[in-house]
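Engineer: Hey, dropping input.txt in here, compact mmCIF, C-alpha atoms (C1' of nucleotides):
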# COMPACT_ATOMS: atom_id res chain seq x y z
CA MET U 118 24.50 7.42 5.59
CA LYS U 119 23.16 6.74 9.03
CA PHE U 120 21.09 3.98 10.56
CA TYR U 121 20.73 2.18 13.88
CA ASN U 122 22.24 -1.29 13.94
CA PHE U 123 21.41 -3.80 16.67
CA PRO U 124 23.86 -6.71 16.43
CA ALA U 125 22.57 -10.28 16.59
CA GLU U 126 22.67 -11.73 20.07
CA GLY U 127 20.91 -14.57 21.91
CA GLU U 128 18.30 -16.17 19.66
CA MET U 129 18.63 -13.47 16.97
CA GLN U 130 19.64 -14.94 13.61
CA CYS U 131 20.75 -11.61 12.19
CA ASP U 132 21.28 -7.93 13.00
CA VAL U 133 18.25 -5.64 13.12
CA ARG U 134 18.68 -2.40 11.18
CA LEU U 135 16.51 0.63 11.70
CA PHE U 136 16.59 3.52 9.25
CA ALA U 137 15.42 6.47 11.32
CA SER U 138 16.39 10.01 12.24
CA GLU U 139 17.10 10.82 15.89
CA LEU U 140 13.77 12.61 16.08
CA ILE U 141 11.92 9.47 14.97
CA TYR U 142 14.07 7.09 16.99
CA ASP U 143 13.21 8.97 20.17
CA GLU U 144 9.50 8.50 19.58
CA ILE U 145 9.41 4.97 18.21
CA GLU U 146 7.17 2.52 20.12
CA ALA U 147 9.01 -0.09 22.17
CA THR U 148 6.38 -2.62 21.09
CA ALA U 149 7.18 -2.05 17.40
CA LEU U 150 10.92 -2.48 18.01
CA LYS U 151 10.28 -5.66 19.97
CA GLN U 152 8.35 -7.02 16.99
CA LEU U 153 11.43 -6.46 14.80
CA PHE U 154 13.64 -8.31 17.28
CA ASP U 155 11.16 -11.19 17.46
CA ALA U 156 11.19 -11.46 13.66
CA SER U 157 14.99 -11.79 13.70
CA LYS U 158 14.69 -14.89 15.92
CA ILE U 159 12.93 -17.05 13.32
CA PRO U 160 15.25 -19.70 11.82
CA GLY U 161 16.05 -18.98 8.17
CA ILE U 162 15.73 -15.18 8.54
CA ILE U 163 18.82 -13.38 7.22
CA ALA U 164 17.81 -9.72 7.59
CA VAL U 165 15.28 -7.57 9.46
CA VAL U 166 15.01 -3.88 8.63
CA GLY U 167 12.78 -1.08 9.91
CA MET U 168 11.72 2.01 7.97
CA PRO U 169 11.18 5.47 9.54
CA ASP U 170 7.39 5.05 9.53
CA LEU U 171 7.65 1.98 11.78
CA HIS U 172 4.74 1.28 14.10
CA GLN U 173 3.18 -1.69 15.83
CA GLY U 174 1.36 -4.20 13.65
CA TYR U 175 0.05 -7.76 13.62
CA GLY U 176 3.15 -9.97 13.86
CA LEU U 177 5.65 -7.85 11.96
CA PRO U 178 5.40 -4.08 12.56
CA ILE U 179 4.17 -1.81 9.78
CA GLY U 180 7.31 -0.44 8.13
CA GLY U 181 9.10 -3.76 8.62
CA ILE U 182 11.12 -5.82 6.16
CA MET U 183 11.87 -9.48 6.89
CA VAL U 184 14.14 -11.43 4.56
CA SER U 185 14.27 -15.21 4.46
CA ARG U 186 16.52 -17.77 2.78
CA ILE U 187 14.63 -19.82 0.20
CA ASN U 188 15.81 -23.39 0.76
CA ASP U 189 15.31 -23.66 4.54
CA GLY U 190 13.43 -20.40 5.12
CA ILE U 191 9.87 -19.35 5.89
CA ILE U 192 6.99 -17.30 4.54
CA SER U 193 4.68 -15.57 7.03
CA PRO U 194 1.17 -14.22 6.31
CA GLY U 195 1.60 -11.86 9.28
CA ALA U 196 4.74 -10.41 7.69
CA VAL U 197 2.85 -9.51 4.51
CA GLY U 198 -0.15 -8.02 6.23
CA PHE U 199 -3.90 -8.39 5.98
CA ASP U 200 -4.30 -6.04 3.05
CA ILE U 201 -2.19 -8.03 0.59
CA ASN U 202 -0.75 -5.73 -2.11
CA CYS U 203 -2.11 -2.59 -0.60
CA GLY U 204 -0.51 0.08 -2.75
CA VAL U 205 -0.58 3.43 -4.45
CA ARG U 206 -0.87 4.64 -8.01
CA LEU U 207 -0.37 8.07 -9.52
CA MET U 208 -2.36 9.06 -12.62
CA THR U 209 -1.32 12.15 -14.54
CA THR U 210 -3.05 14.65 -16.78
CA GLN U 211 -1.12 17.24 -18.79
CA LEU U 212 -3.40 19.97 -17.40
CA GLU U 213 -2.42 22.74 -15.08
CA PHE U 214 -4.37 22.85 -11.85
CA SER U 215 -5.84 26.25 -12.74
CA GLN U 216 -7.48 24.73 -15.84
CA LEU U 217 -9.80 22.78 -13.54
CA GLN U 218 -11.75 25.95 -12.77
CA ASN U 219 -15.11 24.88 -11.38
CA ASN U 220 -14.85 21.26 -12.49
CA LEU U 221 -13.26 20.01 -9.28
CA GLU U 222 -16.58 19.60 -7.53
CA LYS U 223 -18.24 17.94 -10.56
CA ILE U 224 -15.39 15.50 -11.13
CA MET U 225 -15.25 14.48 -7.50
CA ARG U 226 -19.01 14.00 -7.25
CA LYS U 227 -19.02 11.77 -10.34
CA ALA U 228 -16.05 9.83 -9.00
CA GLN U 229 -17.86 9.34 -5.71
CA ILE U 230 -20.79 7.77 -7.56
CA LYS U 231 -18.71 5.59 -9.87
CA ILE U 232 -16.11 4.47 -7.33
CA PRO U 233 -17.72 2.96 -4.22
CA ALA U 234 -15.90 3.68 -0.94
CA GLY U 235 -16.46 2.48 2.59
CA VAL U 236 -16.49 -0.69 4.66
CA GLY U 237 -18.13 -3.63 2.88
CA GLU U 238 -19.02 -1.51 -0.17
CA GLU U 239 -19.57 -3.38 -3.41
CA LYS U 240 -19.87 -2.70 -7.12
CA GLU U 241 -21.54 -5.13 -9.49
CA ASN U 242 -18.83 -7.27 -11.04
CA ILE U 243 -18.74 -6.85 -14.83
CA PHE U 244 -16.85 -10.15 -15.10
CA ASN U 245 -18.16 -13.70 -14.79
CA LYS U 246 -16.64 -16.29 -12.44
CA ASN U 247 -14.18 -17.59 -15.05
CA GLU U 248 -13.05 -14.11 -16.00
CA PHE U 249 -12.66 -13.29 -12.31
CA LYS U 250 -10.33 -16.27 -11.90
CA GLU U 251 -8.33 -15.12 -14.92
CA ILE U 252 -7.91 -11.76 -13.17
CA LEU U 253 -6.73 -13.54 -10.02
CA ASN U 254 -4.23 -15.61 -11.99
CA HIS U 255 -2.98 -12.95 -14.43
CA GLY U 256 -3.72 -9.47 -13.06
CA VAL U 257 -3.59 -6.29 -15.16
CA PRO U 258 -2.17 -7.85 -18.37
CA TYR U 259 -5.31 -10.00 -18.65
CA LEU U 260 -7.54 -6.92 -18.40
CA VAL U 261 -5.55 -4.98 -21.00
CA ASN U 262 -4.64 -7.75 -23.45
CA GLU U 263 -7.71 -9.98 -23.26
CA LYS U 264 -10.50 -7.60 -22.26
CA GLY U 265 -9.34 -4.40 -23.94
CA ILE U 266 -9.51 -2.38 -20.72
CA GLY U 267 -6.70 0.18 -20.61
CA ASN U 268 -3.49 0.47 -22.60
CA LYS U 269 0.01 -1.00 -22.70
CA ASN U 270 1.40 1.71 -20.45
CA ASP U 271 -1.11 0.63 -17.79
CA ILE U 272 0.86 -2.63 -17.66
CA ASN U 273 4.38 -1.26 -18.07
CA ALA U 274 4.03 1.43 -15.40
CA CYS U 275 2.95 -1.08 -12.74
CA GLU U 276 5.42 -2.68 -10.37
CA ASP U 277 6.01 -6.23 -11.68
CA ASN U 278 3.90 -5.31 -14.73
CA GLY U 279 0.74 -5.53 -12.67
CA PHE U 280 0.86 -9.21 -11.78
CA ILE U 281 2.67 -11.63 -9.50
CA GLU U 282 3.64 -14.92 -11.09
CA GLY U 283 2.54 -18.19 -9.59
CA ALA U 284 -0.95 -17.08 -8.60
CA ASP U 285 -3.50 -19.87 -8.41
CA ALA U 286 -7.17 -19.22 -7.75
CA GLU U 287 -7.49 -22.86 -6.64
CA ALA U 288 -5.46 -22.07 -3.50
CA VAL U 289 -7.89 -19.29 -2.55
CA PRO U 290 -10.48 -20.20 0.11
CA GLU U 291 -13.99 -20.08 -1.36
CA LYS U 292 -15.03 -17.59 1.31
CA ALA U 293 -12.56 -15.00 -0.01
CA ILE U 294 -14.22 -15.21 -3.42
CA GLU U 295 -17.69 -15.04 -1.90
CA ARG U 296 -16.83 -11.95 0.12
CA ALA U 297 -14.94 -10.04 -2.56
CA PHE U 298 -16.43 -11.07 -5.92
CA ASN U 299 -18.30 -7.76 -6.00
CA GLN U 300 -15.51 -5.65 -4.53
CA LEU U 301 -13.38 -5.16 -7.64
CA ALA U 302 -13.15 -1.47 -8.61
CA THR U 303 -13.95 -0.27 -5.08
CA LEU U 304 -11.87 1.85 -2.73
CA GLY U 305 -12.57 0.44 0.74
CA SER U 306 -12.01 2.27 4.00
CA GLY U 307 -9.36 3.08 6.58
CA ASN U 308 -6.41 4.97 5.16
CA HIS U 309 -7.47 4.29 1.58
CA PHE U 310 -8.29 7.29 -0.57
CA LEU U 311 -8.71 8.77 -3.99
CA GLU U 312 -7.20 12.25 -4.16
CA LEU U 313 -7.23 15.03 -6.66
CA GLN U 314 -3.80 16.59 -6.25
CA ARG U 315 -1.66 19.39 -7.55
CA VAL U 316 2.07 18.95 -8.06
CA LYS U 317 3.23 21.45 -5.49
CA GLU U 318 6.99 21.30 -5.96
CA VAL U 319 9.37 19.50 -8.30
CA TYR U 320 12.86 19.06 -6.86
CA ALA U 321 14.29 17.09 -9.80
CA LYS U 322 13.40 18.59 -13.16
CA ASP U 323 13.80 15.29 -15.01
CA CYS U 324 11.25 13.37 -12.93
CA GLY U 325 8.53 13.57 -15.58
CA LEU U 326 6.21 15.89 -13.65
CA PHE U 327 5.79 19.66 -13.74
CA GLU U 328 4.76 22.13 -11.07
CA ASP U 329 1.02 22.87 -10.89
CA GLN U 330 0.23 19.69 -12.80
CA LEU U 331 -3.17 18.13 -12.08
CA VAL U 332 -2.76 14.52 -10.96
CA PHE U 333 -4.78 11.87 -9.11
CA MET U 334 -3.56 9.43 -6.49
CA ILE U 335 -5.30 6.15 -5.62
CA HIS U 336 -4.44 4.26 -2.43
CA THR U 337 -6.18 0.91 -1.97
CA GLY U 338 -5.58 -2.84 -1.89
CA SER U 339 -7.24 -6.24 -2.07
CA ARG U 340 -10.28 -5.46 0.11
CA ALA U 341 -11.96 -8.41 1.84
CA PHE U 342 -10.27 -10.78 -0.63
CA GLY U 343 -6.74 -10.38 0.71
CA HIS U 344 -8.02 -10.05 4.24
CA GLN U 345 -9.81 -13.41 4.11
CA ILE U 346 -6.75 -15.11 2.61
CA ALA U 347 -4.45 -13.62 5.26
CA LYS U 348 -6.78 -14.72 8.03
CA HIS U 349 -7.24 -18.21 6.58
CA TYR U 350 -3.55 -18.95 6.13
CA SER U 351 -2.44 -17.20 9.32
CA ASN U 352 -4.79 -19.53 11.23
CA ILE U 353 -3.39 -22.59 9.45
CA ALA U 354 0.18 -21.44 10.18
CA LYS U 355 -0.66 -21.00 13.85
CA LYS U 356 -1.92 -24.59 13.99
CA SER U 357 0.56 -26.43 11.79
CA GLY U 358 3.34 -24.04 10.76
CA VAL U 359 6.83 -23.58 12.16
CA LYS U 360 7.31 -22.35 15.69
CA THR U 361 7.86 -18.58 15.99
CA PRO U 362 8.61 -16.30 18.98
CA THR U 363 5.19 -14.68 18.70
CA LYS U 364 1.94 -16.27 17.62
CA ASN U 365 1.02 -13.63 15.07
CA LEU U 366 4.25 -14.15 13.16
CA ALA U 367 3.13 -17.73 12.47
CA SER U 368 5.00 -18.98 9.42
CA PHE U 369 5.27 -21.79 6.92
CA LYS U 370 8.40 -23.40 5.57
CA ILE U 371 8.52 -21.91 2.06
CA ASN U 372 8.55 -25.33 0.44
CA SER U 373 5.88 -26.91 2.66
CA GLU U 374 2.34 -27.50 1.43
CA GLY U 375 1.05 -24.57 3.53
CA GLY U 376 3.82 -22.27 2.30
CA ILE U 377 3.24 -23.18 -1.33
CA ASN U 378 -0.52 -22.69 -1.05
CA TYR U 379 -0.23 -19.40 0.83
CA LYS U 380 2.15 -18.11 -1.82
CA LYS U 381 -0.30 -19.04 -4.60
CA ALA U 382 -3.20 -17.38 -2.77
CA MET U 383 -1.11 -14.32 -1.80
CA ALA U 384 -0.20 -13.84 -5.46
CA ALA U 385 -3.88 -14.11 -6.40
CA ALA U 386 -4.69 -11.40 -3.83
CA ALA U 387 -1.86 -9.27 -5.22
CA ASN U 388 -3.35 -9.61 -8.69
CA PHE U 389 -6.80 -8.72 -7.32
CA ALA U 390 -5.31 -5.53 -5.83
CA PHE U 391 -3.43 -4.58 -9.03
CA ALA U 392 -6.65 -5.13 -10.99
CA ASN U 393 -8.62 -3.17 -8.40
CA ARG U 394 -6.42 -0.08 -8.74
CA HIS U 395 -6.35 -0.48 -12.53
CA LEU U 396 -10.15 -0.64 -12.78
CA ILE U 397 -10.66 2.31 -10.43
CA ALA U 398 -8.20 4.35 -12.51
CA HIS U 399 -9.90 3.27 -15.72
CA ASN U 400 -13.30 4.34 -14.40
CA LEU U 401 -11.80 7.65 -13.36
CA ARG U 402 -10.32 7.94 -16.86
CA HIS U 403 -13.85 7.88 -18.32
CA ILE U 404 -14.84 10.75 -16.03
CA ILE U 405 -11.80 12.83 -16.97
CA LYS U 406 -12.57 12.20 -20.67
CA GLU U 407 -16.07 13.60 -20.21
CA PHE U 408 -14.63 16.91 -19.08
CA TYR U 409 -11.44 16.96 -21.14
CA PRO U 410 -11.97 14.77 -24.24
CA GLN U 411 -8.57 15.63 -25.71
CA GLU U 412 -6.60 14.95 -22.55
CA SER U 413 -4.58 11.85 -21.84
CA PHE U 414 -4.89 10.25 -18.42
CA ASP U 415 -1.81 8.13 -17.89
CA LEU U 416 -0.43 5.83 -15.26
CA PHE U 417 2.78 7.30 -13.85
CA TYR U 418 3.53 4.42 -11.48
CA ASP U 419 1.71 1.81 -9.39
CA ILE U 420 3.59 0.52 -6.34
CA THR U 421 2.80 -2.07 -3.68
CA HIS U 422 3.72 -1.85 0.00
CA ASN U 423 2.41 -5.18 1.42
CA ILE U 424 3.89 -8.24 -0.29
CA ALA U 425 6.49 -11.01 -0.14
CA LYS U 426 8.60 -11.49 -3.28
CA LYS U 427 11.51 -13.60 -4.42
CA GLU U 428 14.41 -11.29 -5.23
CA LEU U 429 18.04 -11.70 -6.20
CA TYR U 430 20.32 -10.24 -3.55
CA GLN U 431 24.11 -10.46 -3.83
CA GLY U 432 23.74 -13.38 -6.22
CA GLU U 433 21.39 -15.33 -3.96
CA GLU U 434 17.62 -15.70 -4.35
CA VAL U 435 15.85 -14.64 -1.15
CA LEU U 436 12.25 -14.03 -0.09
CA VAL U 437 11.66 -10.41 0.95
CA HIS U 438 8.56 -9.65 3.04
CA ARG U 439 7.69 -5.95 2.97
CA LYS U 440 4.85 -4.85 5.21
CA GLY U 441 4.11 -1.16 5.05
CA ALA U 442 7.31 -0.74 3.09
CA CYS U 443 7.87 -0.57 -0.63
CA LYS U 444 10.51 -1.62 -3.07
CA LEU U 445 12.35 1.00 -5.08
CA ALA U 446 11.50 0.72 -8.79
CA LYS U 447 14.19 -0.05 -11.38
CA ASP U 448 14.81 3.66 -11.84
CA GLY U 449 14.90 4.13 -8.05
CA ILE U 450 11.55 5.84 -7.59
CA ALA U 451 8.74 5.15 -5.13
CA LEU U 452 5.43 6.79 -4.23
CA ILE U 453 4.74 7.71 -0.61
CA PRO U 454 1.14 8.68 0.15
CA GLY U 455 0.41 11.10 2.95
CA SER U 456 -2.47 10.80 5.35
CA MET U 457 -5.76 12.46 4.47
CA GLY U 458 -5.21 16.14 3.81
CA THR U 459 -1.40 16.10 3.86
CA PHE U 460 1.31 16.09 1.21
CA SER U 461 2.28 12.95 -0.70
CA TYR U 462 5.72 12.44 -2.24
CA LEU U 463 7.58 10.94 -5.16
CA ILE U 464 11.03 9.92 -3.93
CA LYS U 465 14.15 8.55 -5.55
CA ALA U 466 16.96 6.31 -4.28
CA GLN U 467 19.91 8.27 -2.98
CA ASN U 468 22.87 6.23 -1.66
CA SER U 469 23.39 2.79 -3.22
CA LYS U 470 25.03 1.39 -0.07
CA ALA U 471 22.10 2.44 2.11
CA ASN U 472 19.71 1.04 -0.48
CA GLU U 473 21.54 -2.28 -0.49
CA LEU U 474 21.39 -2.51 3.31
CA SER U 475 17.64 -1.89 3.24
CA TYR U 476 17.06 -4.48 0.48
CA TYR U 477 16.11 -1.61 -1.83
CA SER U 478 13.19 -0.70 0.42
CA THR U 479 11.68 2.58 1.47
CA ALA U 480 8.95 3.94 3.72
CA HIS U 481 5.31 3.71 2.63
CA GLY U 482 3.63 6.65 4.34
CA ALA U 483 3.36 8.83 7.38
CA GLY U 484 2.76 6.01 9.81
CA ARG U 485 0.26 6.12 12.64
CA LYS U 486 0.89 8.16 15.75
CA MET U 487 -2.33 7.04 17.48
CA SER U 488 -4.34 3.84 17.33
CA ARG U 489 -7.77 4.13 15.72
CA SER U 490 -9.53 3.93 19.08
CA GLN U 491 -7.23 6.49 20.69
CA ALA U 492 -7.74 8.89 17.76
CA LYS U 493 -11.55 8.67 18.03
CA LYS U 494 -11.26 9.41 21.74
CA ASP U 495 -8.60 12.14 21.76
CA ILE U 496 -9.15 14.16 18.57
CA SER U 497 -11.93 16.72 18.56
CA GLN U 498 -14.01 17.53 15.47
CA LYS U 499 -12.75 21.09 15.65
CA ASP U 500 -9.05 20.19 15.81
CA HIS U 501 -9.55 17.70 12.99
CA PHE U 502 -11.37 20.25 10.84
CA ASN U 503 -8.60 22.79 11.38
CA SER U 504 -5.96 20.23 10.44
CA MET U 505 -7.63 19.65 7.05
CA GLY U 506 -7.03 23.22 5.90
CA THR U 507 -8.71 23.85 2.52
CA VAL U 508 -8.79 20.21 1.41
CA LYS U 509 -12.31 19.23 0.39
CA LEU U 510 -13.43 15.92 1.90
CA TYR U 511 -15.93 13.58 0.21
CA HIS U 512 -16.78 11.03 2.86
CA SER U 513 -19.24 8.28 1.97
CA SER U 514 -20.03 7.03 5.44
CA SER U 515 -21.94 8.60 8.29
CA ASP U 516 -19.28 7.27 10.66
CA SER U 517 -16.75 9.62 12.19
CA ILE U 518 -13.51 9.92 10.26
CA LEU U 519 -11.43 11.06 13.23
CA ASP U 520 -9.40 7.83 13.22
CA GLU U 521 -8.09 8.89 9.81
CA SER U 522 -7.43 12.51 10.75
CA PRO U 523 -3.98 13.85 9.85
CA LEU U 524 -3.67 14.36 13.61
CA ALA U 525 -3.72 10.55 14.08
CA TYR U 526 -0.59 10.22 11.92
CA LYS U 527 3.01 11.28 12.16
CA ASP U 528 3.98 14.30 10.10
CA ILE U 529 4.96 12.81 6.73
CA ASN U 530 7.57 15.53 6.32
CA ILE U 531 9.46 14.01 9.26
CA VAL U 532 9.42 10.63 7.54
CA ILE U 533 10.72 12.16 4.32
CA ASP U 534 13.37 14.01 6.32
CA ALA U 535 14.43 10.67 7.87
CA LEU U 536 14.68 9.07 4.42
CA GLU U 537 16.99 11.91 3.40
CA LYS U 538 19.07 11.79 6.59
CA THR U 539 19.57 8.03 6.31
CA GLU U 540 20.30 8.58 2.59
CA LEU U 541 17.77 5.95 1.58
CA ALA U 542 16.01 8.40 -0.71
CA LYS U 543 15.39 12.03 -1.50
CA ALA U 544 12.18 13.81 -2.39
CA VAL U 545 11.73 14.37 -6.12
CA ALA U 546 8.25 15.87 -6.15
CA LYS U 547 5.62 16.87 -3.63
CA PHE U 548 1.85 16.60 -4.14
CA GLU U 549 -0.74 18.74 -2.43
CA PRO U 550 -4.27 17.35 -2.13
CA ALA U 551 -7.17 19.59 -3.12
CA ALA U 552 -9.97 17.06 -2.68
CA VAL U 553 -10.14 13.57 -1.21
CA ILE U 554 -12.64 10.71 -1.35
CA LYS U 555 -12.58 8.51 1.75
CA GLY U 556 -14.62 5.46 2.67
C1' DA I 287 -6.84 -3.18 6.81
C1' DT I 288 -11.58 -5.94 7.67
C1' DG I 289 -19.29 -7.80 6.42
C1' DT I 290 -14.53 -2.38 12.10
C1' DT I 291 -15.56 -8.89 17.77
C1' DC I 292 -16.13 -16.11 13.87
If you took the structure in this file and wrote it as structure tokens, what would it be?

Structural biologist:
Amino acid sequence: MKFYNFPAEGEMQCDVRLFASELIYDEIEATALKQLFDASKIPGIIAVVGMPDLHQGYGLPIGGIMVSRINDGIISPGAVGFDINCGVRLMTTQLEFSQLQNNLEKIMRKAQIKIPAGVGEEKENIFNKNEFKEILNHGVPYLVNEKGIGNKNDINACEDNGFIEGADAEAVPEKAIERAFNQLATLGSGNHFLELQRVKEVYAKDCGLFEDQLVFMIHTGSRAFGHQIAKHYSNIAKKSGVKTPTKNLASFKINSEGGINYKKAMAAAANFAFANRHLIAHNLRHIIKEFYPQESFDLFYDITHNIAKKELYQGEEVLVHRKGACKLAKDGIALIPGSMGTFSYLIKAQNSKANELSYYSTAHGAGRKMSRSQAKKDISQKDHFNSMGTVKLYHSSSDSILDESPLAYKDINIVIDALEKTELAKAVAKFEPAAVIKG
DNA sequence: ATGTTC
């Protein structure tokens, strides 16, 4: 087990731990590290941890974990992120990749029509306003149990069974509902994707996957809904919250009116995101059934990487913010999506001591190497095209996609290597994309 | 990430 530990000094309330390999540590941005140190200076914070995909973010860096006491602690919209409950789900078939034959193109084209992608894209909401609020308050179980959409495994294979308790649509600003009412079952833009993948390698035979298996991965979140909530409450926290070292880490006392309302709205956004991934997967399920009527299309796991949750840690209840970091499932697994055109991974917890020190957290992806603007400036079409190899891209927008090029991200294999070196986790299976839908 | 600068 190996990690970098920076002992508390000055205003720091706790040590800062960074789980990184030497290779990653040498390249980590000073600005991202500074954001970790600033987070450790907020009263009530008992732990700050960085993952190997750490990079600069709004307030807390992406790949950051910030843990607060409950009674006198804080909750920070900037430490959850703008895309509340952004996450990843893996859907499995029992088909071998070779059985696809010439259906890849047809499946992806149908998916592109049925699953809107891109900035501001909408899909007519099949639910009325009351049903929409039920989704916000109760997430995936409402869709399965009350509306008959999906099956029991679609609930059980979700982190937290596809809903965060304590959600209250009444704490959601009306503007969030206006903006996102017609964004359920849509993919969005940025690093979000829907990929058709092939299980390239299985390192642990008992992981429930087999080599050459045809699977689908969906990476998306709460669209404009979570974004509007994050913006709304971050602004309130800046005006009337507790004082923090940096403005964008603006926080509420957990038990203050602002803290209570943000938590209710954050949970509603989390439920929106769970429902969003569930509905996208369900629509994809219909497409798969058209081609393979006898095949099952099952949820393997759905994991979030932008959320704050109450968790029991060494007998004490604490609030764990994870931003661009995910929580290991009960059986120790987590899904780590690659950037467009690169491998994704299923990983499993490795060393229980390392896992304890990281609050059972792990990395969430490759992590950016370049800002969006830098990528658009520095990456040529030709270099980008070469970096995509044989992966077929279905891009809905006429805009350039260079800011999402694999060249704009760190090599995910280096992140996985760092997880193994720090003994946080080891790779269990590797997924190779064959086709990707981007916004 | 985001009606990509309320």

Engineer: Wanna dump the chain I-chain U contacts at 7 Å for me, each residue with its shortest atom pair and the distance in Å to one decimal, counting only C-alpha atoms (C1' of nucleotides), ordered by chain and number, as a Markdown table?

Structural biologist:
| residue | atom | partner | partner_atom | distance |
| --- | --- | --- | --- | --- |
| I:DA287 | C1' | U:Asp200 | CA | 5.4 |
| I:DT288 | C1' | U:Ala341 | CA | 6.3 |
| I:DG289 | C1' | U:Gly237 | CA | 5.6 |

Engineer: What gap, in Å, lies between CA of Val316 in chain U and CA of Gly458 in chain U?

Structural biologist: 14.2 Å

Engineer: Counting all atoms listed in the file, figure out which residue out of U:Asp170, U:Glu126, U:Glu241, U:Asp516 gets nearest to Ala302 in chain U.

Structural biologist: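 Comparing U:Asp170, U:Glu126, U:Glu241, U:Asp516 against Ala302 in chain U, the winner is U:Glu241.
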
Engineer: Kindly give the distance, in Å, that separates CA of Phe244 in chain U and CA of Gln300 in chain U, rounded to a single decimal.

Structural biologist: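 Computed distance, CA of Phe244 in chain U to CA of Gln300 in chain U, equals 11.6 Å.
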
Engineer: Find the distance between CA of Tyr430 in chain U and CA of Pro362 in chain U and write it in Å to one decimal.

Structural biologist: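 Straight-line distance from CA of Tyr430 in chain U to CA of Pro362 in chain U works out to 26.1 Å.
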
Engineer: Residues within 8 Å of Lys509 in chain U, please, as an NGL selection string. Count only C-alpha atoms (C1' of nucleotides); anything in the same chain fewer than 2 positions from it doesn't count.

Structural biologist: :U and (507 or 511 or 551-553)

Engineer: List every protein, DNA or RNA residue that has at least one atom no more than 10 Å from (17.5, -9.0, -3.5) in the file's coordinates, counting all atoms listed in the file, and write the result as a VMD selection string.

Structural biologist: chain U and resid 184 426 to 437 473 475 to 477

Engineer: If I put a ball of radius 10 Å at (4.7, 13.3, 7.8) in the file's coordinates, which residues poke into it when counting all atoms listed in the file, written as a PyMOL selection string?

Structural biologist: chain U and resi 170+454-456+459-461+482-485+523+526-534

Engineer: Tell me which of U:Leu401, U:Ala367, U:Leu150, U:Cys131 sits closest to Gly176 in chain U, counting only C-alpha atoms.

Structural biologist: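 The closest residue to Gly176 in chain U is U:Ala367.
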
Engineer: Between U:Glu549, U:Lys555, U:Ile187, U:Ile397, single out the one closest to Ser515 in chain U, counting all atoms listed in the file.

Structural biologist: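 Closest residue, counting all atoms listed in the file: U:Lys555.
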
Engineer: Rank U:Glu251, U:Leu416, U:Gln152, U:Arg489 by their smallest atom-to-atom distance to DT290 in chain I, using all atoms listed in the file, and report the top residue only.

Structural biologist: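 So, comparing all the options, the nearest one is U:Arg489.
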
Engineer: Can you tell me, as a count of residues only, what residues are no more than 10 Å from Gly441 in chain U when counting only C-alpha atoms (C1' of nucleotides), ignoring any on the same chain fewer than 4 positions away?

Structural biologist: 28

Engineer: Report the centre and edge lengths, in Å to one decimal, of an axis-aligned box enclosing every atom of range 473-490 of chain U listed in the file, padded by 3 Å on each side, as JSON.

Structural biologist:
{"center_x": 6.0, "center_y": 2.2, "center_z": 8.6, "size_x": 37.1, "size_y": 19.3, "size_z": 26.9}

Engineer: Could you pull chain I out of the block above and give me N, CA, C and O atoms (P, O5', C5', C4', C3', O3' and C1' of nucleotides), as an mmCIF file, in the first residue's frame?

Structural biologist:
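Final output, saved to part02.cif:
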data_model
loop_
_atom_site.group_PDB
_atom_site.id
_atom_site.type_symbol
_atom_site.label_atom_id
_atom_site.label_comp_id
_atom_site.auth_asym_id
_atom_site.auth_seq_id
_atom_site.Cartn_x
_atom_site.Cartn_y
_atom_site.Cartn_z
ATOM 1 P P DA I 287 -17.966 15.907 -18.879
ATOM 2 O "O5'" DA I 287 -19.154 16.963 -18.930
ATOM 3 C "C5'" DA I 287 -20.476 16.483 -18.904
ATOM 4 C "C4'" DA I 287 -21.285 17.268 -17.914
ATOM 5 C "C3'" DA I 287 -22.284 18.251 -18.542
ATOM 6 O "O3'" DA I 287 -23.543 17.597 -18.611
ATOM 7 C "C1'" DA I 287 -21.002 19.289 -16.830
ATOM 8 P P DT I 288 -24.632 17.945 -19.610
ATOM 9 O "O5'" DT I 288 -24.771 19.511 -19.355
ATOM 10 C "C5'" DT I 288 -25.458 19.993 -18.206
ATOM 11 C "C4'" DT I 288 -25.639 21.478 -18.388
ATOM 12 C "C3'" DT I 288 -25.762 21.892 -19.846
ATOM 13 O "O3'" DT I 288 -27.019 21.528 -20.360
ATOM 14 C "C1'" DT I 288 -24.294 23.359 -18.688
ATOM 15 P P DG I 289 -28.309 22.496 -20.405
ATOM 16 O "O5'" DG I 289 -28.100 23.245 -21.792
ATOM 17 C "C5'" DG I 289 -27.493 24.477 -21.824
ATOM 18 C "C4'" DG I 289 -28.206 25.300 -22.883
ATOM 19 C "C3'" DG I 289 -27.796 26.789 -22.842
ATOM 20 O "O3'" DG I 289 -26.604 26.917 -23.568
ATOM 21 C "C1'" DG I 289 -30.152 26.559 -23.147
ATOM 22 P P DT I 290 -25.626 28.129 -23.337
ATOM 23 O "O5'" DT I 290 -24.240 27.369 -23.101
ATOM 24 C "C5'" DT I 290 -23.430 27.666 -21.977
ATOM 25 C "C4'" DT I 290 -21.998 27.291 -22.295
ATOM 26 C "C3'" DT I 290 -21.441 28.009 -23.533
ATOM 27 O "O3'" DT I 290 -20.948 29.285 -23.199
ATOM 28 C "C1'" DT I 290 -21.023 25.681 -23.678
ATOM 29 P P DT I 291 -19.554 29.441 -22.304
ATOM 30 O "O5'" DT I 291 -19.816 30.426 -21.084
ATOM 31 C "C5'" DT I 291 -21.108 30.419 -20.472
ATOM 32 C "C4'" DT I 291 -21.445 31.771 -19.921
ATOM 33 C "C3'" DT I 291 -22.731 32.331 -20.542
ATOM 34 O "O3'" DT I 291 -23.565 32.856 -19.511
ATOM 35 C "C1'" DT I 291 -20.943 33.879 -20.797
ATOM 36 P P DC I 292 -25.082 32.766 -19.618
ATOM 37 O "O5'" DC I 292 -25.398 33.399 -18.190
ATOM 38 C "C5'" DC I 292 -24.620 34.464 -17.708
ATOM 39 C "C4'" DC I 292 -25.261 34.927 -16.400
ATOM 40 C "C3'" DC I 292 -25.889 33.783 -15.606
ATOM 41 O "O3'" DC I 292 -25.033 33.427 -14.548
ATOM 42 C "C1'" DC I 292 -27.541 35.415 -16.135
#
